[in-house]
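Printed here is model36.cif (mmCIF, C-alpha atoms):
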data_query
#
loop_
_atom_site.label_atom_id
_atom_site.label_comp_id
_atom_site.auth_asym_id
_atom_site.auth_seq_id
_atom_site.Cartn_x
_atom_site.Cartn_y
_atom_site.Cartn_z
CA MET A 1 -12.02 49.42 -50.77
CA LYS A 2 -9.71 47.49 -48.49
CA TRP A 3 -8.02 44.20 -49.30
CA PHE A 4 -8.98 42.89 -45.88
CA LYS A 5 -11.98 44.58 -44.27
CA THR A 6 -11.29 43.54 -40.69
CA ALA A 7 -8.30 43.51 -38.41
CA ALA A 8 -9.02 39.86 -37.66
CA ALA A 9 -7.53 38.65 -40.97
CA SER A 10 -4.75 36.22 -40.23
CA VAL A 11 -1.09 37.14 -40.51
CA ALA A 12 -0.56 34.00 -42.59
CA LEU A 13 -3.04 35.18 -45.19
CA MET A 14 -1.45 38.61 -45.23
CA LEU A 15 1.94 37.09 -45.91
CA LEU A 16 0.56 34.81 -48.59
CA ALA A 17 -1.23 37.61 -50.36
CA GLY A 18 1.59 40.09 -49.85
CA CYS A 19 -1.06 42.63 -48.92
CA ALA A 20 -1.95 44.93 -46.08
CA ASN A 21 -4.98 46.96 -45.14
CA ASN A 22 -5.30 50.26 -46.91
CA SER A 23 -5.93 52.79 -44.19
CA SER A 24 -7.11 55.47 -46.61
CA GLU A 25 -10.46 55.46 -48.35
CA SER A 26 -9.53 58.41 -50.58
CA ASP A 27 -8.04 56.33 -53.42
CA GLN A 28 -10.29 53.49 -54.52
CA SER A 29 -8.45 52.71 -57.78
CA LEU A 30 -6.00 50.19 -56.30
CA PRO A 31 -7.48 48.46 -53.23
CA TRP A 32 -4.20 47.38 -51.63
CA VAL A 33 -0.92 48.80 -50.38
CA TYR A 34 1.25 45.73 -50.87
CA PRO A 35 0.03 43.83 -53.94
CA PRO A 36 -0.16 40.03 -54.18
CA MET A 37 3.26 38.71 -55.10
CA ALA A 38 5.12 35.51 -55.92
CA ILE A 39 8.80 34.69 -55.61
CA PRO A 40 10.42 35.79 -58.91
CA LEU A 41 11.34 32.78 -61.03
CA GLN A 42 15.02 31.87 -61.18
CA ALA A 43 16.98 29.71 -63.61
CA SER A 44 16.78 26.09 -62.48
CA VAL A 45 19.73 23.75 -62.20
CA GLN A 46 18.30 21.78 -65.11
CA GLN A 47 18.22 24.87 -67.34
CA GLU A 48 21.79 25.80 -66.46
CA VAL A 49 23.01 22.24 -67.05
CA GLN A 50 21.20 22.12 -70.39
CA ILE A 51 22.88 25.33 -71.56
CA ALA A 52 26.31 24.11 -70.40
CA ARG A 53 25.83 20.70 -72.02
CA LEU A 54 24.70 22.12 -75.37
CA THR A 55 27.53 24.66 -75.35
CA GLN A 56 30.03 21.84 -74.85
CA LEU A 57 28.49 19.69 -77.58
CA LEU A 58 28.44 22.57 -80.06
CA GLN A 59 32.22 22.77 -79.84
CA ARG A 60 32.51 19.44 -81.62
CA SER A 61 33.69 19.64 -85.21
CA ASP A 62 32.00 16.46 -86.43
CA LEU A 63 28.40 17.69 -86.18
CA THR A 64 26.27 17.75 -89.30
CA ASP A 65 24.55 21.03 -90.21
CA GLU A 66 21.19 19.49 -89.34
CA VAL A 67 22.30 18.44 -85.87
CA ARG A 68 24.10 21.72 -85.20
CA ALA A 69 21.01 23.69 -86.27
CA LYS A 70 18.85 21.66 -83.90
CA MET A 71 21.28 22.16 -81.00
CA LEU A 72 21.45 25.89 -81.62
CA PHE A 73 17.65 26.02 -81.61
CA GLU A 74 17.50 24.10 -78.33
CA ARG A 75 20.14 26.29 -76.70
CA GLY A 76 18.36 29.40 -77.98
CA ASN A 77 15.16 28.20 -76.33
CA ALA A 78 17.08 27.59 -73.10
CA TYR A 79 18.60 31.07 -73.23
CA ASP A 80 15.17 32.58 -73.90
CA SER A 81 13.61 30.77 -70.95
CA VAL A 82 16.08 32.46 -68.55
CA GLY A 83 15.80 35.90 -70.13
CA LEU A 84 19.05 35.91 -72.16
CA ARG A 85 17.31 37.14 -75.28
CA ASP A 86 20.29 38.53 -77.19
CA LEU A 87 22.09 35.20 -76.85
CA ALA A 88 18.90 33.39 -77.86
CA ARG A 89 18.48 35.61 -80.89
CA LEU A 90 22.08 34.92 -81.94
CA ASP A 91 21.57 31.16 -81.68
CA PHE A 92 18.29 31.30 -83.60
CA THR A 93 19.90 33.32 -86.39
CA GLN A 94 22.80 30.87 -86.65
CA SER A 95 20.38 27.93 -86.65
CA LEU A 96 18.39 29.47 -89.50
CA ALA A 97 21.59 29.96 -91.51
CA LEU A 98 22.11 26.20 -91.34
CA ASN A 99 18.45 25.23 -91.82
CA PRO A 100 16.11 27.98 -93.12
CA ALA A 101 12.98 25.80 -92.96
CA GLN A 102 12.22 26.33 -89.25
CA SER A 103 8.88 28.03 -88.75
CA ASP A 104 9.16 28.20 -84.95
CA ILE A 105 12.39 30.19 -85.14
CA PHE A 106 10.88 32.74 -87.50
CA ASN A 107 7.99 33.16 -85.05
CA LEU A 108 10.34 33.72 -82.10
CA LEU A 109 12.44 36.18 -84.07
CA GLY A 110 9.25 38.03 -85.02
CA VAL A 111 8.47 38.47 -81.32
CA TYR A 112 11.99 39.79 -80.70
CA TYR A 113 11.66 42.25 -83.57
CA THR A 114 8.33 43.41 -82.16
CA GLU A 115 9.93 44.01 -78.77
CA THR A 116 12.66 46.17 -80.33
CA GLY A 117 10.27 48.11 -82.57
CA GLU A 118 11.60 46.57 -85.81
CA PHE A 119 8.11 46.03 -87.15
CA ASP A 120 8.85 45.45 -90.84
CA ALA A 121 11.28 42.69 -89.86
CA ALA A 122 8.65 41.29 -87.48
CA TYR A 123 6.00 41.14 -90.21
CA GLU A 124 8.43 39.38 -92.54
CA SER A 125 9.31 36.84 -89.85
CA PHE A 126 5.68 36.02 -89.10
CA ASP A 127 4.93 35.79 -92.82
CA SER A 128 7.81 33.32 -93.16
CA THR A 129 6.42 31.27 -90.27
CA LEU A 130 3.00 31.09 -91.89
CA GLU A 131 4.45 30.22 -95.29
CA LEU A 132 6.20 27.25 -93.71
CA ASP A 133 3.33 26.41 -91.34
CA PRO A 134 -0.01 27.97 -92.40
CA ASN A 135 -1.73 26.63 -89.27
CA ASN A 136 0.66 28.21 -86.76
CA GLU A 137 -1.82 30.06 -84.57
CA TYR A 138 0.90 31.55 -82.37
CA ALA A 139 2.29 33.38 -85.40
CA MET A 140 -1.21 34.66 -86.27
CA ARG A 141 -1.63 36.11 -82.80
CA ASN A 142 1.87 37.53 -82.70
CA ARG A 143 1.47 39.14 -86.11
CA ALA A 144 -1.76 40.79 -84.95
CA VAL A 145 0.03 42.15 -81.87
CA ALA A 146 2.97 43.37 -83.97
CA LEU A 147 0.56 45.20 -86.28
CA TYR A 148 -1.11 46.72 -83.22
CA TYR A 149 2.17 48.01 -81.77
CA GLY A 150 3.22 49.07 -85.27
CA GLU A 151 0.15 51.36 -85.31
CA ARG A 152 -1.75 49.54 -88.03
CA PRO A 153 -4.99 49.05 -86.09
CA GLN A 154 -7.31 47.89 -88.88
CA LEU A 155 -4.88 45.27 -90.16
CA ALA A 156 -4.21 44.23 -86.56
CA PHE A 157 -7.91 43.83 -85.86
CA ASP A 158 -8.53 41.82 -89.03
CA GLU A 159 -5.77 39.43 -87.96
CA ALA A 160 -6.93 39.30 -84.33
CA ASP A 161 -10.54 38.68 -85.34
CA LYS A 162 -9.50 35.85 -87.65
CA HIS A 163 -7.43 34.36 -84.83
CA TYR A 164 -10.32 34.69 -82.36
CA GLN A 165 -12.83 33.04 -84.70
CA MET A 166 -10.62 29.94 -84.82
CA ASP A 167 -11.25 29.38 -81.09
CA PRO A 168 -13.90 31.65 -79.52
CA ASN A 169 -13.49 29.85 -76.18
CA ASP A 170 -9.96 31.19 -75.72
CA PRO A 171 -10.14 34.18 -73.34
CA PHE A 172 -6.77 35.57 -74.41
CA ARG A 173 -7.88 35.76 -78.03
CA ALA A 174 -10.95 37.65 -76.86
CA LEU A 175 -8.79 40.01 -74.77
CA TRP A 176 -6.43 40.88 -77.60
CA ARG A 177 -9.31 41.30 -80.03
CA TYR A 178 -10.86 43.74 -77.55
CA ILE A 179 -7.61 45.63 -76.89
CA ILE A 180 -7.00 46.13 -80.60
CA LYS A 181 -10.64 47.01 -81.33
CA MET A 182 -10.50 49.72 -78.65
CA ASP A 183 -8.31 51.79 -80.99
CA LEU A 184 -11.00 51.60 -83.68
CA ASP A 185 -14.37 51.66 -81.89
CA PRO A 186 -14.33 51.57 -78.06
CA ASN A 187 -18.08 51.23 -77.59
CA THR A 188 -18.39 48.33 -80.01
CA ALA A 189 -15.28 46.70 -78.55
CA LYS A 190 -16.76 46.60 -75.06
CA ALA A 191 -20.17 45.45 -76.26
CA GLU A 192 -18.64 42.59 -78.22
CA LEU A 193 -16.40 41.52 -75.34
CA SER A 194 -19.43 41.55 -73.02
CA GLN A 195 -21.29 39.29 -75.43
CA GLN A 196 -18.33 36.92 -75.65
CA PHE A 197 -18.10 36.83 -71.88
CA LYS A 198 -21.70 35.66 -71.56
CA SER A 199 -20.83 32.33 -73.15
CA HIS A 200 -17.50 31.86 -71.38
CA ASN A 201 -16.30 28.61 -69.85
CA GLU A 202 -14.44 28.11 -66.59
CA GLU A 203 -10.95 28.65 -68.04
CA TRP A 204 -8.79 30.86 -65.83
CA GLY A 205 -8.33 33.62 -68.41
CA TRP A 206 -12.01 34.54 -68.39
CA LEU A 207 -11.46 36.04 -64.94
CA LEU A 208 -9.20 38.55 -66.67
CA VAL A 209 -11.99 39.32 -69.12
CA ALA A 210 -14.36 39.79 -66.19
CA MET A 211 -11.88 42.20 -64.62
CA MET A 212 -11.54 44.11 -67.89
CA LEU A 213 -15.32 44.49 -68.04
CA ASP A 214 -15.62 45.41 -64.33
CA GLU A 215 -17.71 42.30 -63.78
CA ILE A 216 -15.48 41.50 -60.80
CA SER A 217 -13.37 43.77 -58.63
CA GLU A 218 -9.60 43.70 -58.46
CA GLU A 219 -9.91 42.30 -54.94
CA GLN A 220 -12.02 39.41 -56.20
CA LEU A 221 -9.57 38.72 -59.03
CA PHE A 222 -6.55 38.52 -56.76
CA LYS A 223 -8.34 36.48 -54.12
CA ALA A 224 -9.29 34.00 -56.84
CA ILE A 225 -5.69 33.81 -58.03
CA LEU A 226 -4.34 33.26 -54.53
CA ALA A 227 -6.97 30.61 -53.81
CA SER A 228 -6.33 28.75 -57.06
CA THR A 229 -2.82 27.45 -56.45
CA ARG A 230 -0.01 26.99 -53.94
CA ASP A 231 2.54 26.41 -56.69
CA ASN A 232 4.84 29.45 -56.90
CA ASN A 233 5.48 28.97 -60.64
CA VAL A 234 1.78 28.97 -61.46
CA LEU A 235 1.21 31.92 -59.13
CA ALA A 236 3.99 33.90 -60.83
CA GLN A 237 2.53 33.12 -64.26
CA ARG A 238 -1.00 34.14 -63.32
CA LEU A 239 0.09 37.32 -61.58
CA THR A 240 2.17 38.23 -64.62
CA GLU A 241 -0.95 37.94 -66.76
CA ALA A 242 -3.19 39.70 -64.25
CA TYR A 243 -0.90 42.68 -63.75
CA PHE A 244 -0.33 43.11 -67.47
CA TYR A 245 -4.02 43.17 -68.41
CA LEU A 246 -4.94 45.26 -65.39
CA GLY A 247 -2.18 47.66 -66.39
CA LYS A 248 -3.56 47.69 -69.92
CA ARG A 249 -7.00 48.59 -68.57
CA TYR A 250 -5.62 51.57 -66.64
CA HIS A 251 -3.47 52.51 -69.62
CA MET A 252 -6.51 52.63 -71.94
CA GLN A 253 -8.25 54.81 -69.34
CA GLY A 254 -5.34 57.27 -69.47
CA ASP A 255 -4.19 56.47 -65.92
CA TYR A 256 -0.48 56.26 -66.67
CA ALA A 257 0.70 56.24 -63.05
CA HIS A 258 -1.11 53.03 -62.15
CA ALA A 259 -0.40 51.48 -65.54
CA VAL A 260 3.35 51.97 -65.11
CA SER A 261 3.30 50.37 -61.66
CA LEU A 262 1.32 47.39 -62.90
CA TYR A 263 3.51 46.80 -65.95
CA LYS A 264 6.54 46.82 -63.68
CA LEU A 265 4.85 44.25 -61.45
CA ALA A 266 4.16 42.08 -64.51
CA ILE A 267 7.88 42.18 -65.32
CA SER A 268 8.99 41.50 -61.75
CA PHE A 269 8.21 37.77 -61.66
CA ASN A 270 10.72 36.87 -64.42
CA VAL A 271 8.21 34.82 -66.42
CA TYR A 272 10.32 35.45 -69.50
CA GLU A 273 8.44 33.13 -71.85
CA TYR A 274 5.06 34.84 -71.39
CA VAL A 275 4.09 37.49 -73.90
CA GLU A 276 2.67 39.56 -71.05
CA HIS A 277 6.19 39.85 -69.62
CA ARG A 278 7.63 40.77 -73.01
CA TYR A 279 4.95 43.26 -73.98
CA SER A 280 5.08 45.05 -70.63
CA PHE A 281 8.39 46.56 -71.76
CA ILE A 282 6.76 47.82 -74.96
CA GLU A 283 3.86 49.33 -73.02
CA LEU A 284 6.24 51.13 -70.66
CA GLY A 285 8.13 52.51 -73.63
CA ARG A 286 4.90 53.77 -75.18
CA ILE A 287 3.88 55.53 -71.97
CA TYR A 288 7.28 57.18 -71.55
CA LYS A 289 7.16 58.32 -75.17
CA ASP A 290 3.65 59.78 -74.76
CA VAL A 291 4.60 61.57 -71.54
CA ARG A 292 7.78 62.96 -73.09
CA GLU A 293 5.92 64.20 -76.16
CA ALA A 294 3.25 65.80 -73.98
CA GLN A 295 5.92 67.53 -71.90
CA LEU A 296 7.72 68.82 -75.00
CA ALA A 297 4.43 70.09 -76.43
CA LYS A 298 3.68 71.85 -73.15
CA GLU A 299 7.10 73.49 -73.07
CA LYS A 300 6.73 74.58 -76.69
CA ALA A 301 3.33 76.08 -75.99
CA GLU A 302 4.72 77.96 -72.95
CA LEU A 303 7.59 79.34 -75.04
CA THR A 304 5.19 80.44 -77.75
CA ALA A 305 2.94 82.14 -75.19
CA ASN A 306 5.88 84.07 -73.72
CA GLU A 307 7.13 85.37 -77.07
#
Spit out the file's structure as structure tokens when you get a sec.
Amino acid sequence: MKWFKTAAASVALMLLAGCANNSSESDQSLPWVYPPMAIPLQASVQQEVQIARLTQLLQRSDLTDEVRAKMLFERGNAYDSVGLRDLARLDFTQSLALNPAQSDIFNLLGVYYTETGEFDAAYESFDSTLELDPNNEYAMRNRAVALYYGERPQLAFDEADKHYQMDPNDPFRALWRYIIKMDLDPNTAKAELSQQFKSHNEEWGWLLVAMMLDEISEEQLFKAILASTRDNNVLAQRLTEAYFYLGKRYHMQGDYAHAVSLYKLAISFNVYEYVEHRYSFIELGRIYKDVREAQLAKEKAELTANE
């Protein structure tokens, strides 16, 4: 399948989509040579000024612990938004030392621990968030994802299902419920997602569900994204989501080559605050680990056969 079927497609559209005709019909899995792209997000002047201003204010010696904790939290958020996660994590930890009753910080730290594979610490952080704020739905979702990456599929599904039931109209809750359920019962997972899709609304994320179910083609998905906005920030955000979930689909099918490429594309737009950007790194690590283990097993089997 070609991205553009005729040579008459305008050069302007080709530049906008970042695509070109695929001259070969032999590989139908990815129907484009140059995928749709957006300009990678960069730190804005406002973000840089905010970091500089907070850094200057934090040098004052007359700040109360409450005010200093709040400033550290704000600077941590600013660092996180431009991808400086180690600096953000340091500020969040210092803020908690001054004021431990901050549920949002525990949630953010839980995501960081998930990214680095420190799952016990992640679970504790999300538990702390929910103790302080039992209705924090972000922490519920993030705990389900941490349990999933921590290879506790049943606990992860129980959490994801609970989170989904709180808002069945949210396509991203449906997607994560499906992804986690695939480790337990693939046939049921797809049947349930199909049923959920039948009652979907017009929210953008349901296009991703349609793609996951093969209700629409990749070409249709990307054309819809490109037609939906001219704002580069929105385009970068939606492509980050699209490439991550498309990568996840290929990954679950065992197509590591395409999955790796798509996860890298999801990372490329610098949408640091989106979980799809964060979790792409985890998915790449999982693939590399699986490939390495498979290679070691192959080498061991060859050595055994030659003995």
Notebook entry, point to check: For A:Val271, which residue out of A:Asp133, A:Glu66, A:Asp158, A:Asp80 is the nearest one, using all atoms listed in the file?
Noted result: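 Smallest separation from A:Val271 among the options: A:Asp80.
Atom CA of A:Gly150 is found 20.2 Å from atom CA of A:Ala294.
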Notebook entry, point to check: Which residues fall under the PyMOL selection byres ((chain A and resi 143) around 8) in this file, as a VMD selection string?
Noted result: chain A and resid 110 122 to 123 126 139 to 142 144 to 147 156 159
Next item on the list: Convert the output of the PyMOL selection byres ((chain A and resi 128) around 10) on the shown file into explicit residues, formatted as a list of chain:residue names.
Entry: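 Here the PyMOL selection byres ((chain A and resi 128) around 10) matches A:Pro100, A:Ala101, A:Gln102, A:Ser103, A:Asp104, A:Ile105, A:Phe106, A:Asn107, A:Gly110, A:Ala122, A:Tyr123, A:Glu124, A:Ser125, A:Phe126, A:Asp127, A:Thr129, A:Leu130, A:Glu131, A:Leu132, A:Asp133, A:Pro134, A:Ala139.
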Note to self: Show me, as a PyMOL selection string, the residues that have an atom within 7 Å of stretch 50-56 of chain A when counting only C-alpha atoms, minus same-chain residues fewer than 2 positions from it.
What the structure shows: chain A and resi 46-48+58-59+71+75+78
Next item on the list: Using only C-alpha atoms, pick whichever of A:Ile282, A:Met211, A:Ala301, A:Ile267 has the shortest atom-to-atom distance to A:Thr116.
Entry: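 Closest to A:Thr116 of all the choices is A:Ile282.
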Notebook entry, point to check: Which residue, A:Tyr138, A:Pro35, A:Leu57, A:Gly254, has the smallest gap to A:Glu218 when you use only C-alpha atoms?
Noted result: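 The shortest atom-to-atom distance to A:Glu218 comes from A:Pro35.
Of the residues listed (A:Gln196, A:Val82, A:Asn201, A:Gln220), A:Val82 shows the shortest atom-to-atom separation from A:Tyr274; distances use all atoms listed in the file.
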Item checked: Neighbour list for A:Asp91 as number ranges by chain, cut-off 10 Å, all atoms listed in the file, skip fewer than 4 positions in-chain -> A: 69, 71-77, 79, 85-87, 95-97, 105
Note to self: Going by the chain IDs and residue numbers used in this file, which residues fall under the PyMOL selection byres ((chain A and resi 178) around 10)? Write them as a VMD selection string.
What the structure shows: chain A and resid 157 160 to 161 172 to 177 179 to 186 188 to 194 209 212
Notebook entry, point to check: At most 12 Å from (-4.8, 48.5, -67.5), file frame, all atoms listed in the file: which residues, as a VMD selection string?
Noted result: chain A and resid 29 to 30 175 179 208 to 209 211 to 214 218 241 to 263 266 280 283 to 284
Note to self: One number please: atom CA of A:His200 to atom CA of A:Asn169, in Å, one decimal.
What the structure shows: 6.6 Å
Margin query: Rounded to one decimal, what separation in Å do you get between atom CA of A:Phe269 and atom CA of A:Ser81?
Written below: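 Atom-to-atom, atom CA of A:Phe269 to atom CA of A:Ser81, that is 12.8 Å.
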Return as lines of an AutoDock Vina configuration file the box centre and box size in Å, one decimal, for an axis-aligned box around all listed atoms of stretch 208-221 of chain A padded by 5 Å per side.
center_x = -13.5
center_y = 42.0
center_z = -62.0
size_x = 18.5
size_y = 16.9
size_z = 24.2
Checklist line | From A:Val234, A:Pro40, A:Gln195, A:Phe92, residue lying nearest A:Ser268 [all atoms listed in the file] | finding: A:Pro40
